[in-house]
file entry30.cif (mmCIF, C-alpha atoms and all ligand atoms)
data_coords
#
loop_
_atom_site.label_atom_id
_atom_site.label_comp_id
_atom_site.auth_asym_id
_atom_site.auth_seq_id
_atom_site.Cartn_x
_atom_site.Cartn_y
_atom_site.Cartn_z
CA MET A 1 15.18 4.93 5.99
CA LYS A 2 12.48 4.15 3.44
CA GLN A 3 8.92 4.51 4.71
CA PRO A 4 6.78 1.34 4.28
CA ASN A 5 4.15 1.54 1.54
CA THR A 6 0.66 2.26 2.78
CA LEU A 7 -2.00 -0.27 1.74
CA ARG A 8 -5.30 1.45 1.06
CA HIS A 9 -6.91 -0.67 -1.65
CA LEU A 10 -6.45 -4.43 -1.67
CA ALA A 11 -7.78 -6.46 -4.61
CA VAL A 12 -8.10 -10.23 -4.37
CA ILE A 13 -8.76 -12.99 -6.90
CA MET A 14 -10.25 -15.69 -4.68
CA ASP A 15 -9.29 -18.80 -6.63
CA GLY A 16 -8.97 -22.52 -5.88
CA ASN A 17 -12.30 -23.44 -4.26
CA GLY A 18 -12.90 -26.31 -6.69
CA ARG A 19 -9.42 -27.77 -6.27
CA TRP A 20 -9.67 -27.49 -2.49
CA ALA A 21 -12.83 -29.60 -2.60
CA ASN A 22 -11.44 -32.09 -5.15
CA GLU A 23 -8.39 -32.70 -2.96
CA ARG A 24 -10.76 -33.78 -0.19
CA GLY A 25 -13.04 -35.90 -2.37
CA LEU A 26 -15.82 -33.33 -1.89
CA LYS A 27 -18.09 -31.64 -4.42
CA ARG A 28 -16.85 -28.33 -5.83
CA THR A 29 -19.81 -26.63 -4.14
CA LYS A 30 -18.32 -27.52 -0.73
CA GLY A 31 -15.25 -25.54 -1.74
CA HIS A 32 -17.39 -22.52 -2.50
CA GLU A 33 -19.11 -22.82 0.87
CA GLU A 34 -15.80 -22.95 2.68
CA GLY A 35 -14.56 -20.07 0.52
CA ALA A 36 -17.46 -17.92 1.71
CA GLU A 37 -16.22 -18.38 5.30
CA ARG A 38 -12.84 -16.97 4.25
CA VAL A 39 -14.58 -13.94 2.71
CA ARG A 40 -15.91 -13.19 6.18
CA ASP A 41 -12.52 -13.71 7.91
CA ILE A 42 -10.55 -11.66 5.41
CA THR A 43 -13.14 -8.87 5.35
CA THR A 44 -13.11 -8.66 9.14
CA TYR A 45 -9.31 -8.54 9.16
CA CYS A 46 -9.35 -5.71 6.60
CA ALA A 47 -12.02 -3.78 8.54
CA LEU A 48 -9.76 -3.82 11.61
CA HIS A 49 -6.61 -2.98 9.62
CA PRO A 50 -5.48 0.62 10.24
CA THR A 51 -4.93 1.68 6.60
CA ILE A 52 -7.05 -0.53 4.32
CA GLU A 53 -10.03 1.43 3.02
CA SER A 54 -11.25 -0.84 0.21
CA LEU A 55 -11.21 -4.57 -0.35
CA THR A 56 -12.25 -5.66 -3.83
CA LEU A 57 -13.06 -9.36 -4.15
CA TYR A 58 -13.54 -11.24 -7.42
CA ALA A 59 -16.56 -13.42 -6.74
CA PHE A 60 -18.06 -14.15 -10.19
CA SER A 61 -16.62 -13.25 -13.58
CA THR A 62 -18.33 -12.60 -16.91
CA GLU A 63 -16.63 -15.83 -18.02
CA ASN A 64 -17.92 -17.93 -15.11
CA TRP A 65 -21.29 -18.38 -16.90
CA LYS A 66 -19.46 -21.04 -18.94
CA ARG A 67 -19.56 -23.38 -15.91
CA PRO A 68 -22.20 -26.11 -15.59
CA LYS A 69 -25.63 -24.63 -14.81
CA MET A 70 -25.72 -26.52 -11.52
CA GLU A 71 -22.56 -24.81 -10.28
CA VAL A 72 -23.68 -21.37 -11.50
CA ASP A 73 -27.07 -21.81 -9.78
CA PHE A 74 -25.33 -22.89 -6.59
CA LEU A 75 -23.06 -19.84 -6.63
CA MET A 76 -26.08 -17.55 -7.07
CA ARG A 77 -27.91 -19.15 -4.15
CA LEU A 78 -24.77 -19.07 -2.00
CA LEU A 79 -24.31 -15.37 -2.72
CA ASP A 80 -27.91 -14.62 -1.77
CA ARG A 81 -27.61 -16.64 1.44
CA TYR A 82 -24.23 -15.13 2.29
CA LEU A 83 -25.36 -11.53 1.85
CA THR A 84 -28.61 -12.05 3.75
CA ASN A 85 -26.88 -13.69 6.73
CA GLU A 86 -23.97 -11.27 6.68
CA ILE A 87 -25.82 -8.05 7.52
CA PRO A 88 -25.07 -8.25 11.30
CA VAL A 89 -21.38 -8.86 10.51
CA TYR A 90 -21.24 -5.87 8.14
CA MET A 91 -22.86 -3.76 10.85
CA GLU A 92 -20.66 -5.04 13.69
CA HIS A 93 -17.47 -4.28 11.77
CA ASN A 94 -18.72 -1.07 10.17
CA VAL A 95 -18.33 -2.42 6.61
CA ARG A 96 -20.09 -0.95 3.59
CA LEU A 97 -20.98 -3.16 0.63
CA GLU A 98 -20.39 -1.97 -2.93
CA VAL A 99 -20.75 -3.99 -6.13
CA ILE A 100 -18.98 -3.76 -9.48
CA GLY A 101 -20.07 -5.68 -12.55
CA ASP A 102 -23.30 -5.97 -14.48
CA ILE A 103 -25.81 -7.51 -12.11
CA ASP A 104 -28.76 -7.05 -14.51
CA ARG A 105 -28.22 -10.66 -15.55
CA PHE A 106 -28.86 -11.87 -11.98
CA SER A 107 -32.33 -12.90 -10.77
CA LYS A 108 -34.61 -10.14 -9.50
CA LYS A 109 -34.49 -11.78 -6.06
CA LEU A 110 -30.70 -11.63 -5.88
CA GLN A 111 -30.67 -8.08 -7.19
CA LYS A 112 -33.08 -7.15 -4.41
CA THR A 113 -30.87 -8.77 -1.76
CA ILE A 114 -27.84 -6.88 -3.07
CA ALA A 115 -29.76 -3.58 -3.03
CA LYS A 116 -30.95 -4.25 0.52
CA VAL A 117 -27.47 -4.95 1.90
CA LYS A 118 -25.99 -1.98 0.05
CA GLY A 119 -28.73 0.25 1.49
CA THR A 120 -28.39 -1.08 5.03
CA THR A 121 -24.60 -0.67 5.09
CA ALA A 122 -24.42 2.60 3.12
CA ASN A 123 -23.22 4.71 6.06
CA ASN A 124 -20.56 2.31 7.37
CA THR A 125 -17.05 3.74 7.29
CA SER A 126 -14.35 1.27 8.43
CA LEU A 127 -14.07 -0.55 5.12
CA THR A 128 -15.73 -0.71 1.72
CA GLN A 129 -16.02 -4.30 0.61
CA VAL A 130 -16.44 -4.26 -3.16
CA LEU A 131 -17.78 -7.51 -4.59
CA ALA A 132 -17.06 -8.05 -8.29
CA LEU A 133 -20.19 -9.82 -9.54
CA ASN A 134 -20.71 -10.76 -13.18
CA TYR A 135 -17.62 -8.65 -13.49
CA GLY A 136 -15.27 -8.46 -16.44
CA SER A 137 -12.81 -5.64 -16.80
CA ARG A 138 -13.33 -5.28 -20.54
CA ASP A 139 -17.09 -5.17 -20.01
CA GLU A 140 -16.67 -2.50 -17.31
CA ILE A 141 -14.39 -0.36 -19.49
CA ILE A 142 -16.71 -0.60 -22.50
CA ARG A 143 -19.73 0.36 -20.39
CA ALA A 144 -17.74 3.28 -18.93
CA VAL A 145 -16.67 4.56 -22.37
CA ASN A 146 -20.28 4.47 -23.51
CA ARG A 147 -21.40 6.38 -20.39
CA VAL A 148 -18.86 9.11 -21.14
CA ILE A 149 -19.93 9.29 -24.79
CA ASP A 150 -23.65 9.34 -23.85
CA ALA A 151 -22.94 12.23 -21.46
CA GLY A 152 -21.35 14.12 -24.37
CA GLU A 153 -18.01 14.40 -22.54
CA ALA A 154 -14.48 14.06 -23.85
CA VAL A 155 -12.86 10.69 -23.04
CA THR A 156 -10.06 11.50 -20.59
CA GLU A 157 -8.37 9.55 -17.82
CA GLU A 158 -10.54 11.48 -15.35
CA SER A 159 -13.89 11.13 -17.14
CA LEU A 160 -13.35 7.46 -17.90
CA GLY A 161 -12.09 6.71 -14.38
CA ALA A 162 -15.16 8.40 -12.92
CA ALA A 163 -17.50 6.42 -15.21
CA LEU A 164 -16.26 3.03 -14.04
CA ASP A 165 -18.60 0.97 -11.88
CA THR A 166 -17.10 2.49 -8.75
CA PRO A 167 -15.26 5.78 -9.12
CA TYR A 168 -11.74 4.74 -9.96
CA VAL A 169 -9.51 4.03 -6.97
CA ASP A 170 -6.01 2.73 -7.73
CA ALA A 171 -5.52 -0.77 -6.34
CA ASP A 172 -2.26 -0.94 -4.36
CA LEU A 173 -1.91 -4.69 -4.10
CA LEU A 174 -3.36 -7.64 -6.00
CA VAL A 175 -3.32 -11.04 -4.34
CA ARG A 176 -4.32 -14.15 -6.30
CA THR A 177 -4.60 -17.47 -4.51
CA SER A 178 -4.26 -21.03 -5.91
CA GLY A 179 -1.00 -20.61 -7.84
CA GLU A 180 -2.50 -19.30 -11.09
CA GLN A 181 -0.59 -16.29 -12.36
CA ARG A 182 -3.03 -14.40 -14.56
CA LEU A 183 -5.57 -11.60 -14.27
CA SER A 184 -8.60 -13.39 -15.74
CA ASN A 185 -10.15 -10.09 -16.90
CA TYR A 186 -9.94 -8.42 -13.46
CA LEU A 187 -9.54 -4.67 -12.82
CA LEU A 188 -7.30 -3.93 -15.82
CA TRP A 189 -7.65 -0.18 -15.30
CA GLN A 190 -7.44 -0.12 -11.51
CA LEU A 191 -4.42 -2.45 -11.32
CA SER A 192 -2.26 -0.38 -13.69
CA TYR A 193 0.33 0.33 -10.98
CA ALA A 194 -0.51 -2.28 -8.35
CA GLU A 195 1.99 -4.68 -6.81
CA PHE A 196 1.18 -8.35 -7.54
CA ILE A 197 1.55 -11.29 -5.18
CA PHE A 198 0.63 -14.84 -6.18
CA THR A 199 0.32 -17.49 -3.48
CA ASP A 200 -0.13 -21.24 -3.95
CA THR A 201 -2.59 -21.39 -1.04
CA LEU A 202 -6.09 -22.34 -2.18
CA TRP A 203 -8.70 -19.73 -1.25
CA PRO A 204 -10.49 -21.88 1.39
CA ASP A 205 -7.12 -22.22 3.19
CA PHE A 206 -6.22 -18.53 2.96
CA LYS A 207 -6.24 -17.09 6.49
CA PRO A 208 -5.68 -13.57 7.85
CA ASP A 209 -2.23 -14.65 9.14
CA GLU A 210 -1.06 -15.27 5.59
CA LEU A 211 -2.58 -12.02 4.38
CA GLU A 212 -0.63 -10.22 7.10
CA THR A 213 2.62 -11.78 5.81
CA LEU A 214 1.79 -10.72 2.24
CA ILE A 215 1.00 -7.17 3.39
CA ASP A 216 4.44 -7.06 5.07
CA GLN A 217 5.98 -8.04 1.71
CA TYR A 218 4.00 -5.32 -0.04
CA GLU A 219 5.03 -2.71 2.52
CA GLY A 220 8.70 -3.48 1.89
CA ARG A 221 8.59 -3.25 -1.90
CA GLU A 222 9.91 -0.28 -3.79
CA ARG A 223 7.15 1.43 -5.77
CA ARG A 224 8.62 3.84 -8.26
CA PHE A 225 5.65 4.78 -10.47
CA GLY A 226 8.00 5.42 -13.36
CA GLY A 227 10.23 7.74 -11.34
CA ILE A 228 13.69 6.96 -10.02
C1 LIG B 1 -12.89 -19.55 -7.36
O1 LIG B 1 -12.65 -20.91 -7.28
C2 LIG B 1 -14.36 -19.23 -7.21
C3 LIG B 1 -15.03 -18.81 -8.46
C4 LIG B 1 -14.46 -18.62 -9.61
C5 LIG B 1 -16.46 -18.57 -8.36
P1 LIG B 1 -12.78 -21.86 -8.53
O2 LIG B 1 -14.19 -22.36 -8.59
O3 LIG B 1 -12.30 -21.20 -9.75
O4 LIG B 1 -11.82 -23.04 -8.11
P2 LIG B 1 -10.80 -23.82 -9.05
O5 LIG B 1 -9.95 -22.77 -9.73
O6 LIG B 1 -11.62 -24.59 -10.02
O7 LIG B 1 -10.02 -24.67 -8.11
C1 LIG B 2 -11.34 -15.91 -11.72
O1 LIG B 2 -11.17 -17.26 -11.43
C2 LIG B 2 -12.72 -15.48 -11.32
C3 LIG B 2 -13.01 -15.50 -9.90
C4 LIG B 2 -12.18 -15.79 -8.94
C5 LIG B 2 -14.37 -15.13 -9.56
P1 LIG B 2 -11.40 -18.39 -12.54
O2 LIG B 2 -11.08 -19.67 -11.89
O3 LIG B 2 -12.75 -18.24 -13.13
O4 LIG B 2 -10.32 -17.98 -13.64
P2 LIG B 2 -9.53 -18.86 -14.70
O5 LIG B 2 -10.57 -19.63 -15.49
O6 LIG B 2 -8.61 -19.75 -13.96
O7 LIG B 2 -8.81 -17.85 -15.54
MG MG B 3 -10.49 -21.06 -10.65
#
call {"tool": "encode", "arguments": {"input": "entry30.cif", "output": "C-alpha cells", "more": "lines below"}}
Ligand code: IPE
Ligand code: IPE
Ligand code: MG
result
Amino acid sequence: MKQPNTLRHLAVIMDGNGRWANERGLKRTKGHEEGAERVRDITTYCALHPTIESLTLYAFSTENWKRPKMEVDFLMRLLDRYLTNEIPVYMEHNVRLEVIGDIDRFSKKLQKTIAKVKGTTANNTSLTQVLALNYGSRDEIIRAVNRVIDAGEAVTEESLGAALDTPYVDADLLVRTSGEQRLSNYLLWQLSYAEFIFTDTLWPDFKPDELETLIDQYEGRERRFGGI
C-alpha cells in the first residue's frame, strides 16, 4: 500500500479577513484582529504536529502597501502587538520565529520587536514559524540573484536557493483560504512542487480541525515529481 505523504513544510496564504469583517458589519481591522487569533491556533497545532517542521504564513505582501494608510498602519501596530504578546506562547510551544521579506521599510520600532522575538526564540526546535512580511516572491528572487552575483558565485539552483531569505526549503503543501485561487506573488521558488489546496473558509474562521482535514487530503495525494 502507498505510504502517506509526509508534511514537513506548510505554507499558508491567510486571506479573507476583510470579507469576514464586512459580512458582520464590522470594520476590516476587526477581521485582522480575529485573524491574528487564528495565527496563534494554527501555529500551536503545527508545533504539536509530529512531522511539520516549518509553517510559512503570508502576513503582508509587497503589494499590500497599496491599501489605505489607515489599514496599513493598523496592520503594522497589530503585528508589533502580536509579536510582543506572543513571546510566552512561542516559548511554551517551543516555536522559533523567522522572517522572510524586506523589513527595512518597516518602522525602527517594529524592526526592533521582530529582532527581539527572533533572538528570544532562536533555540526553539518544535516548529519554525516563518512570517512573510513585506514579502514578494519576485522581490525575494531578485535580491537573492544579486546576493549571488555580489558574492562572485555562479548562479545555480543551489547558490540561488541558499541566497533566498531563508535557505530554500521545498514547501510540501500550500493552503489558501477565502476562495481565491491565485498565488499573489507568494513563494514562487519554494512552491515549485507543492500540492495546492484552496478552501472557501475565510481566514478568521479557519480552525485546526479544518487544517487537519486538509492535511489528510494532502497525505493521500500522489506526488510524482515528474517520475512515474
Ligand atoms: C488577508 O486578508 C490579510 C492581509 C492581506 C493582510 P485581507 O485583508 O486580504 O481580506 P480580504 O481578502 O479583503 O477579505
Ligand atoms: C495576499 O492576499 C497577501 C496576504 C495574505 C498577506 P491579498 O488579499 O493581498 O491578495 P490579492 O490582492 O487578493 O491577490
Ligand atoms: Mg485578500
call {"tool": "residues_around", "arguments": {"input": "entry30.cif", "residues": "A:Leu48", "least_positions_apart": "4", "cutoff": "12 Å", "atoms": "only C-alpha atoms", "output": "VMD selection string"}}
result
chain A and resid 41 to 44 52 to 54 92 to 95 125 to 128 208
call {"tool": "closest_atom_pairs", "arguments": {"input": "entry30.cif", "of": "chain A", "to": "ligand LIG 2 (chain B)", "cutoff": "7 Å", "atoms": "only C-alpha atoms and all ligand atoms", "output": "Markdown table"}}
result
| residue | atom | partner | partner_atom | distance |
| --- | --- | --- | --- | --- |
| A:Ile13 | CA | B:LIG2 | C4 | 4.9 |
| A:Met14 | CA | B:LIG2 | C4 | 4.7 |
| A:Asp15 | CA | B:LIG2 | C4 | 4.8 |
| A:Gly16 | CA | B:LIG2 | O2 | 7.0 |
| A:Tyr58 | CA | B:LIG2 | C5 | 4.5 |
| A:Ala59 | CA | B:LIG2 | C5 | 4.0 |
| A:Phe60 | CA | B:LIG2 | C5 | 3.9 |
| A:Ser61 | CA | B:LIG2 | C5 | 5.0 |
| A:Glu63 | CA | B:LIG2 | O3 | 6.7 |
| A:Asn64 | CA | B:LIG2 | O3 | 5.5 |
| A:Glu180 | CA | B:LIG2 | O6 | 6.8 |
| A:Arg182 | CA | B:LIG2 | O7 | 6.8 |
| A:Ser184 | CA | B:LIG2 | O7 | 4.5 |
call {"tool": "atom_distance", "arguments": {"input": "entry30.cif", "atom1": "atom CA of A:Ile100", "atom2": "atom CA of A:Asp165"}}
result
5.3 Å
call {"tool": "closest_residue", "arguments": {"input": "entry30.cif", "among": "A:Leu55, A:Leu110, A:Leu10, A:Leu202", "to": "A:Arg40", "atoms": "all atoms listed in the file"}}
result
A:Leu55
call {"tool": "closest_residue", "arguments": {"input": "entry30.cif", "among": "A:Ala21, A:Ile114, A:Leu7, A:Val145", "to": "ligand MG 3 (chain B)", "atoms": "only C-alpha atoms and all ligand atoms"}}
result
A:Ala21
call {"tool": "atom_distance", "arguments": {"input": "entry30.cif", "atom1": "atom CA of A:Lys30", "atom2": "atom CA of A:Gly136"}}
result
24.9 Å
call {"tool": "closest_residue", "arguments": {"input": "entry30.cif", "among": "A:Gly227, A:Gly25, A:Pro88, A:Gly179", "to": "ligand LIG 1 (chain B)", "atoms": "only C-alpha atoms and all ligand atoms"}}
result
A:Gly179
call {"tool": "atom_distance", "arguments": {"input": "entry30.cif", "atom1": "atom CA of A:Arg224", "atom2": "atom CA of A:Ala47"}}
result
27.7 Å
call {"tool": "decode", "arguments": {"input": "entry30.cif", "residues": "stretch 69-80 of chain A", "atoms": "all heavy atoms", "output": "PDB file, in the first residue's frame"}}
result
ATOM      1  N   LYS A  69      -3.780  54.060   3.981  1.00  0.00           N
ATOM      2  CA  LYS A  69      -2.742  54.214   5.010  1.00  0.00           C
ATOM      3  C   LYS A  69      -3.244  53.753   6.375  1.00  0.00           C
ATOM      4  O   LYS A  69      -2.510  53.133   7.152  1.00  0.00           O
ATOM      5  CB  LYS A  69      -2.301  55.681   5.068  1.00  0.00           C
ATOM      6  CG  LYS A  69      -1.171  55.926   6.050  1.00  0.00           C
ATOM      7  CD  LYS A  69      -0.618  57.340   5.943  1.00  0.00           C
ATOM      8  CE  LYS A  69       0.577  57.563   6.864  1.00  0.00           C
ATOM      9  NZ  LYS A  69       0.320  57.293   8.280  1.00  0.00           N
ATOM     10  N   MET A  70      -4.523  54.045   6.647  1.00  0.00           N
ATOM     11  CA  MET A  70      -5.070  53.666   7.949  1.00  0.00           C
ATOM     12  C   MET A  70      -4.998  52.153   8.163  1.00  0.00           C
ATOM     13  O   MET A  70      -4.657  51.673   9.246  1.00  0.00           O
ATOM     14  CB  MET A  70      -6.524  54.143   8.001  1.00  0.00           C
ATOM     15  CG  MET A  70      -7.160  54.093   9.353  1.00  0.00           C
ATOM     16  SD  MET A  70      -8.737  53.236   9.176  1.00  0.00           S
ATOM     17  CE  MET A  70      -8.538  51.859  10.217  1.00  0.00           C
ATOM     18  N   GLU A  71      -5.318  51.389   7.120  1.00  0.00           N
ATOM     19  CA  GLU A  71      -5.279  49.925   7.267  1.00  0.00           C
ATOM     20  C   GLU A  71      -3.830  49.424   7.386  1.00  0.00           C
ATOM     21  O   GLU A  71      -3.533  48.553   8.210  1.00  0.00           O
ATOM     22  CB  GLU A  71      -5.996  49.237   6.087  1.00  0.00           C
ATOM     23  CG  GLU A  71      -5.967  47.709   6.223  1.00  0.00           C
ATOM     24  CD  GLU A  71      -6.940  46.962   5.298  1.00  0.00           C
ATOM     25  OE1 GLU A  71      -7.906  47.588   4.804  1.00  0.00           O
ATOM     26  OE2 GLU A  71      -6.719  45.755   5.095  1.00  0.00           O
ATOM     27  N   VAL A  72      -2.936  50.023   6.578  1.00  0.00           N
ATOM     28  CA  VAL A  72      -1.525  49.612   6.656  1.00  0.00           C
ATOM     29  C   VAL A  72      -0.986  49.909   8.054  1.00  0.00           C
ATOM     30  O   VAL A  72      -0.350  49.059   8.690  1.00  0.00           O
ATOM     31  CB  VAL A  72      -0.686  50.333   5.569  1.00  0.00           C
ATOM     32  CG1 VAL A  72       0.802  50.094   5.788  1.00  0.00           C
ATOM     33  CG2 VAL A  72      -1.110  49.879   4.174  1.00  0.00           C
ATOM     34  N   ASP A  73      -1.267  51.111   8.562  1.00  0.00           N
ATOM     35  CA  ASP A  73      -0.783  51.477   9.907  1.00  0.00           C
ATOM     36  C   ASP A  73      -1.338  50.527  10.951  1.00  0.00           C
ATOM     37  O   ASP A  73      -0.627  50.115  11.872  1.00  0.00           O
ATOM     38  CB  ASP A  73      -1.197  52.920  10.260  1.00  0.00           C
ATOM     39  CG  ASP A  73      -0.413  53.949   9.460  1.00  0.00           C
ATOM     40  OD1 ASP A  73       0.571  53.561   8.795  1.00  0.00           O
ATOM     41  OD2 ASP A  73      -0.800  55.140   9.482  1.00  0.00           O
ATOM     42  N   PHE A  74      -2.604  50.164  10.806  1.00  0.00           N
ATOM     43  CA  PHE A  74      -3.210  49.239  11.765  1.00  0.00           C
ATOM     44  C   PHE A  74      -2.497  47.888  11.737  1.00  0.00           C
ATOM     45  O   PHE A  74      -2.188  47.304  12.780  1.00  0.00           O
ATOM     46  CB  PHE A  74      -4.709  49.054  11.472  1.00  0.00           C
ATOM     47  CG  PHE A  74      -5.368  48.124  12.443  1.00  0.00           C
ATOM     48  CD1 PHE A  74      -5.889  48.595  13.647  1.00  0.00           C
ATOM     49  CD2 PHE A  74      -5.429  46.754  12.201  1.00  0.00           C
ATOM     50  CE1 PHE A  74      -6.463  47.728  14.569  1.00  0.00           C
ATOM     51  CE2 PHE A  74      -5.994  45.884  13.108  1.00  0.00           C
ATOM     52  CZ  PHE A  74      -6.522  46.370  14.292  1.00  0.00           C
ATOM     53  N   LEU A  75      -2.234  47.400  10.522  1.00  0.00           N
ATOM     54  CA  LEU A  75      -1.571  46.095  10.404  1.00  0.00           C
ATOM     55  C   LEU A  75      -0.182  46.121  11.046  1.00  0.00           C
ATOM     56  O   LEU A  75       0.232  45.156  11.699  1.00  0.00           O
ATOM     57  CB  LEU A  75      -1.481  45.684   8.928  1.00  0.00           C
ATOM     58  CG  LEU A  75      -2.800  45.222   8.302  1.00  0.00           C
ATOM     59  CD1 LEU A  75      -2.679  45.136   6.784  1.00  0.00           C
ATOM     60  CD2 LEU A  75      -3.230  43.868   8.874  1.00  0.00           C
ATOM     61  N   MET A  76       0.516  47.232  10.897  1.00  0.00           N
ATOM     62  CA  MET A  76       1.857  47.354  11.496  1.00  0.00           C
ATOM     63  C   MET A  76       1.770  47.338  13.022  1.00  0.00           C
ATOM     64  O   MET A  76       2.542  46.662  13.695  1.00  0.00           O
ATOM     65  CB  MET A  76       2.541  48.658  11.037  1.00  0.00           C
ATOM     66  CG  MET A  76       2.805  48.735   9.552  1.00  0.00           C
ATOM     67  SD  MET A  76       3.945  47.444   9.029  1.00  0.00           S
ATOM     68  CE  MET A  76       3.293  47.072   7.412  1.00  0.00           C
ATOM     69  N   ARG A  77       0.788  48.070  13.550  1.00  0.00           N
ATOM     70  CA  ARG A  77       0.634  48.100  15.012  1.00  0.00           C
ATOM     71  C   ARG A  77       0.201  46.736  15.533  1.00  0.00           C
ATOM     72  O   ARG A  77       0.665  46.268  16.573  1.00  0.00           O
ATOM     73  CB  ARG A  77      -0.391  49.157  15.427  1.00  0.00           C
ATOM     74  CG  ARG A  77       0.129  50.584  15.372  1.00  0.00           C
ATOM     75  CD  ARG A  77      -0.754  51.535  16.205  1.00  0.00           C
ATOM     76  NE  ARG A  77      -2.168  51.430  15.834  1.00  0.00           N
ATOM     77  CZ  ARG A  77      -2.733  52.091  14.821  1.00  0.00           C
ATOM     78  NH1 ARG A  77      -2.006  52.907  14.072  1.00  0.00           N
ATOM     79  NH2 ARG A  77      -4.009  51.951  14.548  1.00  0.00           N
ATOM     80  N   LEU A  78      -0.700  46.082  14.795  1.00  0.00           N
ATOM     81  CA  LEU A  78      -1.180  44.756  15.202  1.00  0.00           C
ATOM     82  C   LEU A  78      -0.015  43.754  15.237  1.00  0.00           C
ATOM     83  O   LEU A  78       0.106  42.956  16.167  1.00  0.00           O
ATOM     84  CB  LEU A  78      -2.266  44.280  14.223  1.00  0.00           C
ATOM     85  CG  LEU A  78      -2.841  42.883  14.456  1.00  0.00           C
ATOM     86  CD1 LEU A  78      -3.569  42.801  15.802  1.00  0.00           C
ATOM     87  CD2 LEU A  78      -3.817  42.500  13.324  1.00  0.00           C
ATOM     88  N   LEU A  79       0.833  43.839  14.236  1.00  0.00           N
ATOM     89  CA  LEU A  79       1.982  42.928  14.170  1.00  0.00           C
ATOM     90  C   LEU A  79       2.900  43.144  15.369  1.00  0.00           C
ATOM     91  O   LEU A  79       3.350  42.181  16.015  1.00  0.00           O
ATOM     92  CB  LEU A  79       2.726  43.169  12.850  1.00  0.00           C
ATOM     93  CG  LEU A  79       3.946  42.309  12.580  1.00  0.00           C
ATOM     94  CD1 LEU A  79       3.563  40.838  12.531  1.00  0.00           C
ATOM     95  CD2 LEU A  79       4.593  42.734  11.253  1.00  0.00           C
ATOM     96  N   ASP A  80       3.152  44.406  15.683  1.00  0.00           N
ATOM     97  CA  ASP A  80       4.022  44.728  16.821  1.00  0.00           C
ATOM     98  C   ASP A  80       3.414  44.178  18.118  1.00  0.00           C
ATOM     99  O   ASP A  80       4.083  43.492  18.903  1.00  0.00           O
ATOM    100  CB  ASP A  80       4.208  46.254  16.906  1.00  0.00           C
ATOM    101  CG  ASP A  80       5.460  46.621  17.686  1.00  0.00           C
ATOM    102  OD1 ASP A  80       5.756  45.917  18.674  1.00  0.00           O
ATOM    103  OD2 ASP A  80       6.131  47.598  17.312  1.00  0.00           O
TER     104      ASP A  80
END
